[in-house]
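Reading through the structure tokens given below for one structure.
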Amino acid sequence: MPGPSLFSEIAVCPLCGRAAAPGDRFCERDGTPLEDDPAVQVLAPAPDLAAATRRGRAHEVDEDAYALGRRERDGRPLHVLVVCDGVSASSHGEQASARAAEAALDTLLAAADAPGPLDPPGALRDAVRAAHQAACAPGIEAVPGKAASGTTIVAALVHAGGLDVAWVGDSRAYLVRPAAAQLLTHDHSWLNEVVESGELTAAEARRAPSAHALTRCLGPLENPDPGQPPEPSLAAVAVPFEGRLVLCSDGLWNGADAPEAIAALVAAAPATADARSLAVHLVRRGYASTGHDDVTAAVAFL
Amino acid sequence: MTVPQPDAAQAFTIEAFQNPYLAPGSDRVDAIVCVTASGTAAPSARPLLLGFVIDNSGSMHGPRIEAVRRAVETAIRLLDERAGFFVVAFNGYARVVVPPARATEDVKRRALAALQDVLANDGTAMSTGLAAARSLFARSPEAIGQCIFLTDGRNESESASEVELELRRCAGLFTCDCWGVGTSWQVGEVQEIARGLLGKASLIPEPAGIEAAFQDAVGKAQSKSMKNVRFRVWTPASAEVISFKQVSPTIEDFTARAGQVGPQVREYDTGSWGPGEARDYQVALRVRAGGVGDQMLAARPSLVFVGPDGAEVEVRAPAARVLASWTADETLSSRLDSTVAHYNGQDELAAAIQQGLEAREQGNEAAATTLLGRAVQLAHESGNADMTTRLKKVVDVVDPSAGTVLLKKSVSKVATMDLELESTTTRRARRPGGEGR
């Protein structure tokens, strides 16, 4: 199939790669809209930085949240990406996730704007602390029959020296390089715990009803004391690197767990795509593959 | 290969009417697609070939066969010289009375002489007349083939399967309007022929009416400028067409006649069209159910025909799309589009008449009264005045808006047969915010 050309008005479906009928804006195979899908919320502050989210079929509100920031520092762009996934069984997970994402972003941008050398792991720890505080602050109404509010977080700081990631829960960061892709995070989940302790094999654990259960999160569901944040896990990759950094909620990785699967989704996007269309593409692919859960992807071009 | 042609692409206007909003989890999409042939179509490069297929069984003897001679004479006088015609007579078997020829004065004269020799005798085997016509139409594939079929009795000299088989052979070669003279013929038998060949079946009570019927038929036949026009429906890979019906001017279920062009494309032969002609179609689809915020192109209707130069032309209307858009807003998803609703009503009207007449035939007066009362109510609500007039010959209307009626004690056979035949003739939907058409 020929790639999209600047001189062609024929659009290509982001989901299946089929060319649409000339002048049409629907996929020739599935009938889905090629662009401007009204259900996908997008934020794209720069051509190399974007995030998108889409509510899952099983949810009345999108409980995922994202936050993005961009700065110039040391003559290079500095990117901040945050993805939070409100816990469905908790009270107003969508409020906890939105608060946590905003608080983490504010903290990371403040660190980026501060004079003196940047301490990425320290800034990320501060960001997770601020996110927990925000999720614990009063104002989130308790829902009868539901637990106190909780949310996951994955936050990334892309800076001149490399990229640093912090997370709590099962929202993930993937680094998709031209040659290979890797998962930077390791879920705080029941599944990982029982597999690591040798209790169950990965295949057995995946079939268990609690496979998706979190063992750590932010907010009062984890610890109602705003001063007692959970311990985040940290990871770092030093320069040089190129490729795409993808942060996502489990709505995306449920259908594409392995780094290779995420890399395949990225590769299926048109070669000329900017961060915005890649983020939308990932979210729509995630929604198309499973669809019941909210899907969020934040993307930085490295 | 479909080659778009700038002028041919204007041959039809296509409009879709529907409520695209669906409740989450809904998978049913209904739409009405209105098609109008351009009123200023270029003069057809295709000649007309008009075939008369006339029953000359014993029951046609006397005034009937004489009226047919007069009617054919009047009809062929109206044909201009570019058109061709032929006459086939059938009873237990078929003969070509007038072979196909251009309608010159000389040919018309010789045709009338040949008609004088047609005698009415023997039984009735309708498939023989159709088979003879088929072989004659097959010799002129470039022509627009239109057939006028006339009978007055039961198809008693052959089994029903003979006709069924012959109709399958004829399909696509020509279209056929049918008339029954008097009341000794079977509505179902004649309707089957008309339906199978994309035409209409009508009743002529007295032989004197044949002339006027044939005159109208010639006018209609000469107006056709395109043949084998196909309604094409593209759907997503995950969708299926539950039903596809013509709903105006008459209700005809085309669902089983779908031709599968590709995995996602079906076509339905709609026959011949003349300039300015308008027909409406009802499409019902089952799509993959969506969640709130999902959108889908559920169907893309278009019309396809072979242009005068032999190239296939596809007429698309970018705005005529059938969409599905899932929303949590029930005020949106519960709305019924007025055009869709109108034809749902006309469909129910036809069913109420057919079932009502059947109940009456079986002596079930209570059911007949309820069903025909409902028919009166639906005809009244939809402004189908012709249908109300026909219904009033079978029932006494007490309150049309409530559907209160009394069965007439004595009803002519002509009135019930005519009502049954015309039950599927619909009133065309009013355009939203516009005038009725």
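For the structure tokens, the naming scheme is as follows: chains receive sequential letters (A, B, ...) according to their order of presentation, residues are indexed from 1 within each chain, and ligands are indexed from 1 in presentation order.
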
>> For a quick test of understanding: name the residues of chain B lying within 7 Å of chain A when counting only C-alpha atoms, and present them as a PyMOL selection string.
In response: chain B and resi 236-238+291-298

Go ahead and save the residues from that selection, with C-alpha atoms, as a compact mmCIF listing (two decimals), in the first residue's frame.
# COMPACT_ATOMS: atom_id res chain seq x y z
CA PRO B 236 -18.68 -1.70 6.89
CA ALA B 237 -17.19 -5.19 7.07
CA SER B 238 -18.93 -5.77 10.39
CA GLY B 291 -20.44 2.79 23.00
CA VAL B 292 -21.14 6.42 23.85
CA GLY B 293 -19.22 8.70 21.50
CA ASP B 294 -18.62 6.07 18.81
CA GLN B 295 -19.44 7.02 15.26
CA MET B 296 -19.71 4.87 12.18
CA LEU B 297 -20.53 5.18 8.52
CA ALA B 298 -23.18 2.44 8.42

> Could you pull the residues within 8 Å of segment 224-229 of chain B, counting only C-alpha atoms, minus those fewer than 4 positions along the same chain, as number ranges by chain?
Replying inline: B: 41, 43-46, 48, 144, 172, 220, 269-275, 303-307

Grab the residues selected above and save them as a PDB file, in the first residue's frame with N, CA and C atoms.
ATOM      1  N   ALA B  41     -32.524  14.688 -18.333  1.00  0.00           N
ATOM      2  CA  ALA B  41     -31.582  13.706 -18.860  1.00  0.00           C
ATOM      3  C   ALA B  41     -31.459  13.871 -20.368  1.00  0.00           C
ATOM      4  N   PRO B  43     -31.353  12.989 -24.218  1.00  0.00           N
ATOM      5  CA  PRO B  43     -32.156  11.986 -24.912  1.00  0.00           C
ATOM      6  C   PRO B  43     -31.411  10.661 -24.943  1.00  0.00           C
ATOM      7  N   SER B  44     -32.142   9.611 -24.683  1.00  0.00           N
ATOM      8  CA  SER B  44     -31.507   8.312 -24.545  1.00  0.00           C
ATOM      9  C   SER B  44     -30.901   7.848 -25.857  1.00  0.00           C
ATOM     10  N   ALA B  45     -29.719   7.303 -25.761  1.00  0.00           N
ATOM     11  CA  ALA B  45     -29.123   6.682 -26.932  1.00  0.00           C
ATOM     12  C   ALA B  45     -29.666   5.264 -27.090  1.00  0.00           C
ATOM     13  N   ARG B  46     -30.450   4.837 -26.081  1.00  0.00           N
ATOM     14  CA  ARG B  46     -30.976   3.471 -26.130  1.00  0.00           C
ATOM     15  C   ARG B  46     -32.385   3.466 -26.709  1.00  0.00           C
ATOM     16  N   LEU B  48     -36.183   1.932 -27.414  1.00  0.00           N
ATOM     17  CA  LEU B  48     -37.164   1.166 -26.639  1.00  0.00           C
ATOM     18  C   LEU B  48     -37.570  -0.061 -27.451  1.00  0.00           C
ATOM     19  N   ILE B 144     -33.950  -0.801 -24.321  1.00  0.00           N
ATOM     20  CA  ILE B 144     -34.653  -0.820 -23.038  1.00  0.00           C
ATOM     21  C   ILE B 144     -35.875  -1.697 -23.239  1.00  0.00           C
ATOM     22  N   GLY B 172     -33.680  -9.148 -15.444  1.00  0.00           N
ATOM     23  CA  GLY B 172     -32.562  -8.365 -15.973  1.00  0.00           C
ATOM     24  C   GLY B 172     -32.669  -8.103 -17.465  1.00  0.00           C
ATOM     25  N   LYS B 220     -45.431   5.556 -20.419  1.00  0.00           N
ATOM     26  CA  LYS B 220     -44.444   5.244 -19.389  1.00  0.00           C
ATOM     27  C   LYS B 220     -43.207   4.575 -20.006  1.00  0.00           C
ATOM     28  N   ASP B 269     -31.092  -4.730  -8.473  1.00  0.00           N
ATOM     29  CA  ASP B 269     -31.554  -4.227  -9.768  1.00  0.00           C
ATOM     30  C   ASP B 269     -32.873  -3.491  -9.561  1.00  0.00           C
ATOM     31  N   THR B 270     -32.943  -2.256 -10.038  1.00  0.00           N
ATOM     32  CA  THR B 270     -34.181  -1.483  -9.897  1.00  0.00           C
ATOM     33  C   THR B 270     -34.882  -1.313 -11.233  1.00  0.00           C
ATOM     34  N   GLY B 271     -34.329  -1.872 -12.324  1.00  0.00           N
ATOM     35  CA  GLY B 271     -34.999  -1.799 -13.620  1.00  0.00           C
ATOM     36  C   GLY B 271     -34.705  -0.507 -14.363  1.00  0.00           C
ATOM     37  N   SER B 272     -35.711  -0.049 -15.132  1.00  0.00           N
ATOM     38  CA  SER B 272     -35.531   1.116 -16.006  1.00  0.00           C
ATOM     39  C   SER B 272     -36.058   2.379 -15.344  1.00  0.00           C
ATOM     40  N   TRP B 273     -35.423   3.483 -15.676  1.00  0.00           N
ATOM     41  CA  TRP B 273     -35.813   4.764 -15.103  1.00  0.00           C
ATOM     42  C   TRP B 273     -36.019   5.796 -16.210  1.00  0.00           C
ATOM     43  N   GLY B 274     -36.963   6.704 -15.977  1.00  0.00           N
ATOM     44  CA  GLY B 274     -37.165   7.833 -16.872  1.00  0.00           C
ATOM     45  C   GLY B 274     -36.813   9.128 -16.177  1.00  0.00           C
ATOM     46  N   PRO B 275     -36.627  10.203 -16.950  1.00  0.00           N
ATOM     47  CA  PRO B 275     -36.259  11.498 -16.354  1.00  0.00           C
ATOM     48  C   PRO B 275     -37.293  11.952 -15.323  1.00  0.00           C
ATOM     49  N   LEU B 303     -25.975   4.796  -6.979  1.00  0.00           N
ATOM     50  CA  LEU B 303     -26.681   4.177  -8.100  1.00  0.00           C
ATOM     51  C   LEU B 303     -25.687   3.901  -9.211  1.00  0.00           C
ATOM     52  N   VAL B 304     -25.849   2.758  -9.826  1.00  0.00           N
ATOM     53  CA  VAL B 304     -24.908   2.321 -10.846  1.00  0.00           C
ATOM     54  C   VAL B 304     -25.680   1.947 -12.100  1.00  0.00           C
ATOM     55  N   PHE B 305     -25.205   2.417 -13.245  1.00  0.00           N
ATOM     56  CA  PHE B 305     -25.823   1.991 -14.505  1.00  0.00           C
ATOM     57  C   PHE B 305     -24.772   2.030 -15.603  1.00  0.00           C
ATOM     58  N   VAL B 306     -25.119   1.404 -16.708  1.00  0.00           N
ATOM     59  CA  VAL B 306     -24.216   1.401 -17.852  1.00  0.00           C
ATOM     60  C   VAL B 306     -24.622   2.566 -18.739  1.00  0.00           C
ATOM     61  N   GLY B 307     -23.702   3.489 -18.932  1.00  0.00           N
ATOM     62  CA  GLY B 307     -23.991   4.675 -19.724  1.00  0.00           C
ATOM     63  C   GLY B 307     -24.092   4.341 -21.204  1.00  0.00           C
TER      64      GLY B 307
END

>> I'd like the interatomic distance between atom CA of Pro47 of chain A and atom CA of His281 of chain A, to a tenth of an Å.
In response: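 Separating atom CA of Pro47 of chain A from atom CA of His281 of chain A is a distance of 14.7 Å.
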
> Taking into account only C-alpha atoms, which residue in the set A:Glu196, A:Asp164, A:Glu63, A:Asp257 is nearest to Ala236 of chain A?
Replying inline: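 Closest residue, counting only C-alpha atoms: A:Asp164.
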
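Between atom CA of Phe149 of chain B and atom CA of Phe52 of chain B the interatomic distance comes to 6.2 Å.
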
Could you give me, as a Markdown table, every segment 157-240 of chain A residue with an atom at most 7 Å from segment 106-130 of chain A, plus its closest atom pair and distance in Å to one decimal, counting only C-alpha atoms, rows ordered by chain then number?
| residue | atom | partner | partner_atom | distance |
| --- | --- | --- | --- | --- |
| A:Leu157 | CA | A:Pro120 | CA | 6.9 |
| A:Asp164 | CA | A:Pro120 | CA | 6.4 |
| A:Ala166 | CA | A:Leu124 | CA | 6.1 |
| A:Pro229 | CA | A:Arg129 | CA | 5.5 |
| A:Pro232 | CA | A:Arg125 | CA | 7.0 |

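The neighbours of segment 87-91 of chain B here are the residues that come within 7 Å of it, using only C-alpha atoms and leaving out any residue fewer than 2 positions away in the same chain; they are Gly51, Phe52, Val53, Ile54, Asp55, Asn56, Ser57, Tyr93, Ala94, Arg95, Val96, Val97, Val98, Pro99, Asp122, Gly123, Thr124, Ala125, Thr128, Gly129 and Ala133 of chain B.
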
>> Please report the interatomic distance between atom CA of Val190 of chain B and atom CA of Ala208 of chain B in Å with one decimal.
In response: 20.1 Å

>> Taking 4 positions as the minimum chain separation for residues in the same chain, which residues sit within 10 Å of Lys245 of chain B when counting only C-alpha atoms? Answer as a list in words.
In response: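 Skipping anything fewer than 4 positions along the chain leaves Ile32, Thr250, Ile251, Glu252, Asp253, Phe254, Thr255, Ala256, Tyr268, Asp280, Tyr281, Gln282, Val283 and Ala284 of chain B.
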
>> If DSSP is run on the backbone, what residues of segment 201-386 of chain B are helix (DSSP H, G or I)? A reply as a ChimeraX atom specification would be ideal.
In response: /B:207-223,255-257,330-333,338-361,365-381,385-386

Expected file: the selected residues, C-alpha atoms, as a PDB file, in the first residue's frame:
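Wrote it out as selection24.pdb, contents follow:
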ATOM      1  CA  PRO B 207     -62.569  -4.853 -21.580  1.00  0.00           C
ATOM      2  CA  ALA B 208     -63.209  -1.230 -22.579  1.00  0.00           C
ATOM      3  CA  GLY B 209     -60.540  -0.174 -20.061  1.00  0.00           C
ATOM      4  CA  ILE B 210     -57.721  -2.028 -21.824  1.00  0.00           C
ATOM      5  CA  GLU B 211     -57.171   0.751 -24.354  1.00  0.00           C
ATOM      6  CA  ALA B 212     -56.546   3.417 -21.731  1.00  0.00           C
ATOM      7  CA  ALA B 213     -54.279   1.106 -19.723  1.00  0.00           C
ATOM      8  CA  PHE B 214     -52.118   0.350 -22.762  1.00  0.00           C
ATOM      9  CA  GLN B 215     -51.967   4.034 -23.690  1.00  0.00           C
ATOM     10  CA  ASP B 216     -50.602   4.856 -20.246  1.00  0.00           C
ATOM     11  CA  ALA B 217     -48.172   1.953 -20.489  1.00  0.00           C
ATOM     12  CA  VAL B 218     -46.744   3.193 -23.785  1.00  0.00           C
ATOM     13  CA  GLY B 219     -46.286   6.685 -22.375  1.00  0.00           C
ATOM     14  CA  LYS B 220     -44.444   5.244 -19.389  1.00  0.00           C
ATOM     15  CA  ALA B 221     -42.330   2.919 -21.535  1.00  0.00           C
ATOM     16  CA  GLN B 222     -41.288   5.709 -23.895  1.00  0.00           C
ATOM     17  CA  SER B 223     -40.192   7.856 -20.950  1.00  0.00           C
ATOM     18  CA  THR B 255     -33.795  -8.213   0.250  1.00  0.00           C
ATOM     19  CA  ALA B 256     -33.526 -11.683  -1.270  1.00  0.00           C
ATOM     20  CA  ARG B 257     -32.499 -10.261  -4.644  1.00  0.00           C
ATOM     21  CA  GLU B 330     -32.063   9.549  25.246  1.00  0.00           C
ATOM     22  CA  THR B 331     -33.935  12.511  23.823  1.00  0.00           C
ATOM     23  CA  LEU B 332     -31.689  12.150  20.769  1.00  0.00           C
ATOM     24  CA  SER B 333     -31.627   8.370  20.457  1.00  0.00           C
ATOM     25  CA  SER B 338     -40.384  11.461  10.216  1.00  0.00           C
ATOM     26  CA  THR B 339     -39.597   9.927   6.812  1.00  0.00           C
ATOM     27  CA  VAL B 340     -38.648   6.586   8.366  1.00  0.00           C
ATOM     28  CA  ALA B 341     -41.810   6.752  10.485  1.00  0.00           C
ATOM     29  CA  HIS B 342     -43.957   7.563   7.452  1.00  0.00           C
ATOM     30  CA  TYR B 343     -42.860   4.438   5.595  1.00  0.00           C
ATOM     31  CA  ASN B 344     -43.114   2.273   8.710  1.00  0.00           C
ATOM     32  CA  GLY B 345     -46.746   3.408   8.714  1.00  0.00           C
ATOM     33  CA  GLN B 346     -47.249   2.663   4.998  1.00  0.00           C
ATOM     34  CA  ASP B 347     -45.727  -0.792   5.547  1.00  0.00           C
ATOM     35  CA  GLU B 348     -48.157  -1.425   8.395  1.00  0.00           C
ATOM     36  CA  LEU B 349     -51.005  -0.091   6.239  1.00  0.00           C
ATOM     37  CA  ALA B 350     -50.246  -2.605   3.470  1.00  0.00           C
ATOM     38  CA  ALA B 351     -49.997  -5.460   5.966  1.00  0.00           C
ATOM     39  CA  ALA B 352     -53.274  -4.452   7.681  1.00  0.00           C
ATOM     40  CA  ILE B 353     -55.118  -4.422   4.339  1.00  0.00           C
ATOM     41  CA  GLN B 354     -53.731  -7.779   3.192  1.00  0.00           C
ATOM     42  CA  GLN B 355     -54.388  -9.475   6.518  1.00  0.00           C
ATOM     43  CA  GLY B 356     -57.774  -7.761   6.848  1.00  0.00           C
ATOM     44  CA  LEU B 357     -58.932  -8.990   3.438  1.00  0.00           C
ATOM     45  CA  GLU B 358     -57.687 -12.480   4.226  1.00  0.00           C
ATOM     46  CA  ALA B 359     -59.584 -12.506   7.536  1.00  0.00           C
ATOM     47  CA  ARG B 360     -62.714 -11.311   5.740  1.00  0.00           C
ATOM     48  CA  GLU B 361     -62.290 -14.064   3.130  1.00  0.00           C
ATOM     49  CA  GLU B 365     -65.320 -10.671  10.779  1.00  0.00           C
ATOM     50  CA  ALA B 366     -63.956  -9.447  14.110  1.00  0.00           C
ATOM     51  CA  ALA B 367     -60.341  -9.638  12.935  1.00  0.00           C
ATOM     52  CA  ALA B 368     -61.241  -8.172   9.530  1.00  0.00           C
ATOM     53  CA  THR B 369     -62.982  -5.219  11.189  1.00  0.00           C
ATOM     54  CA  THR B 370     -60.016  -4.509  13.476  1.00  0.00           C
ATOM     55  CA  LEU B 371     -57.418  -4.803  10.711  1.00  0.00           C
ATOM     56  CA  LEU B 372     -59.282  -2.833   8.075  1.00  0.00           C
ATOM     57  CA  GLY B 373     -60.137  -0.249  10.737  1.00  0.00           C
ATOM     58  CA  ARG B 374     -56.458   0.120  11.498  1.00  0.00           C
ATOM     59  CA  ALA B 375     -55.840   0.464   7.747  1.00  0.00           C
ATOM     60  CA  VAL B 376     -58.404   3.260   7.508  1.00  0.00           C
ATOM     61  CA  GLN B 377     -56.751   4.989  10.457  1.00  0.00           C
ATOM     62  CA  LEU B 378     -53.248   4.703   8.948  1.00  0.00           C
ATOM     63  CA  ALA B 379     -54.412   5.870   5.509  1.00  0.00           C
ATOM     64  CA  HIS B 380     -56.137   8.819   7.161  1.00  0.00           C
ATOM     65  CA  GLU B 381     -53.114   9.748   9.307  1.00  0.00           C
ATOM     66  CA  ALA B 385     -56.448   9.626   0.089  1.00  0.00           C
ATOM     67  CA  ASP B 386     -56.384   7.097  -2.775  1.00  0.00           C
TER      68      ASP B 386
END

>> Calculated over only C-alpha atoms, which of the candidates B:Leu150, B:Ala75, B:Ala258, B:Leu49 has the smallest distance to Phe174 of chain B?
In response: B:Leu49

>> Would you pick out the contacts of Ser233 of chain A at 9 Å or less, using only C-alpha atoms, so that residues sharing its chain but fewer than 4 positions from it are not included, and give the list as a PyMOL selection string?
In response: chain A and resi 165-168+185-186+188

> Could you write out, as a VMD selection string, all the residues of segment 49-267 of chain A that DSSP marks as strand (DSSP E)?
Replying inline: chain A and resid 49 to 54 64 to 73 76 to 85 153 to 159 162 to 168 172 to 176 181 to 183 233 to 238 244 to 248
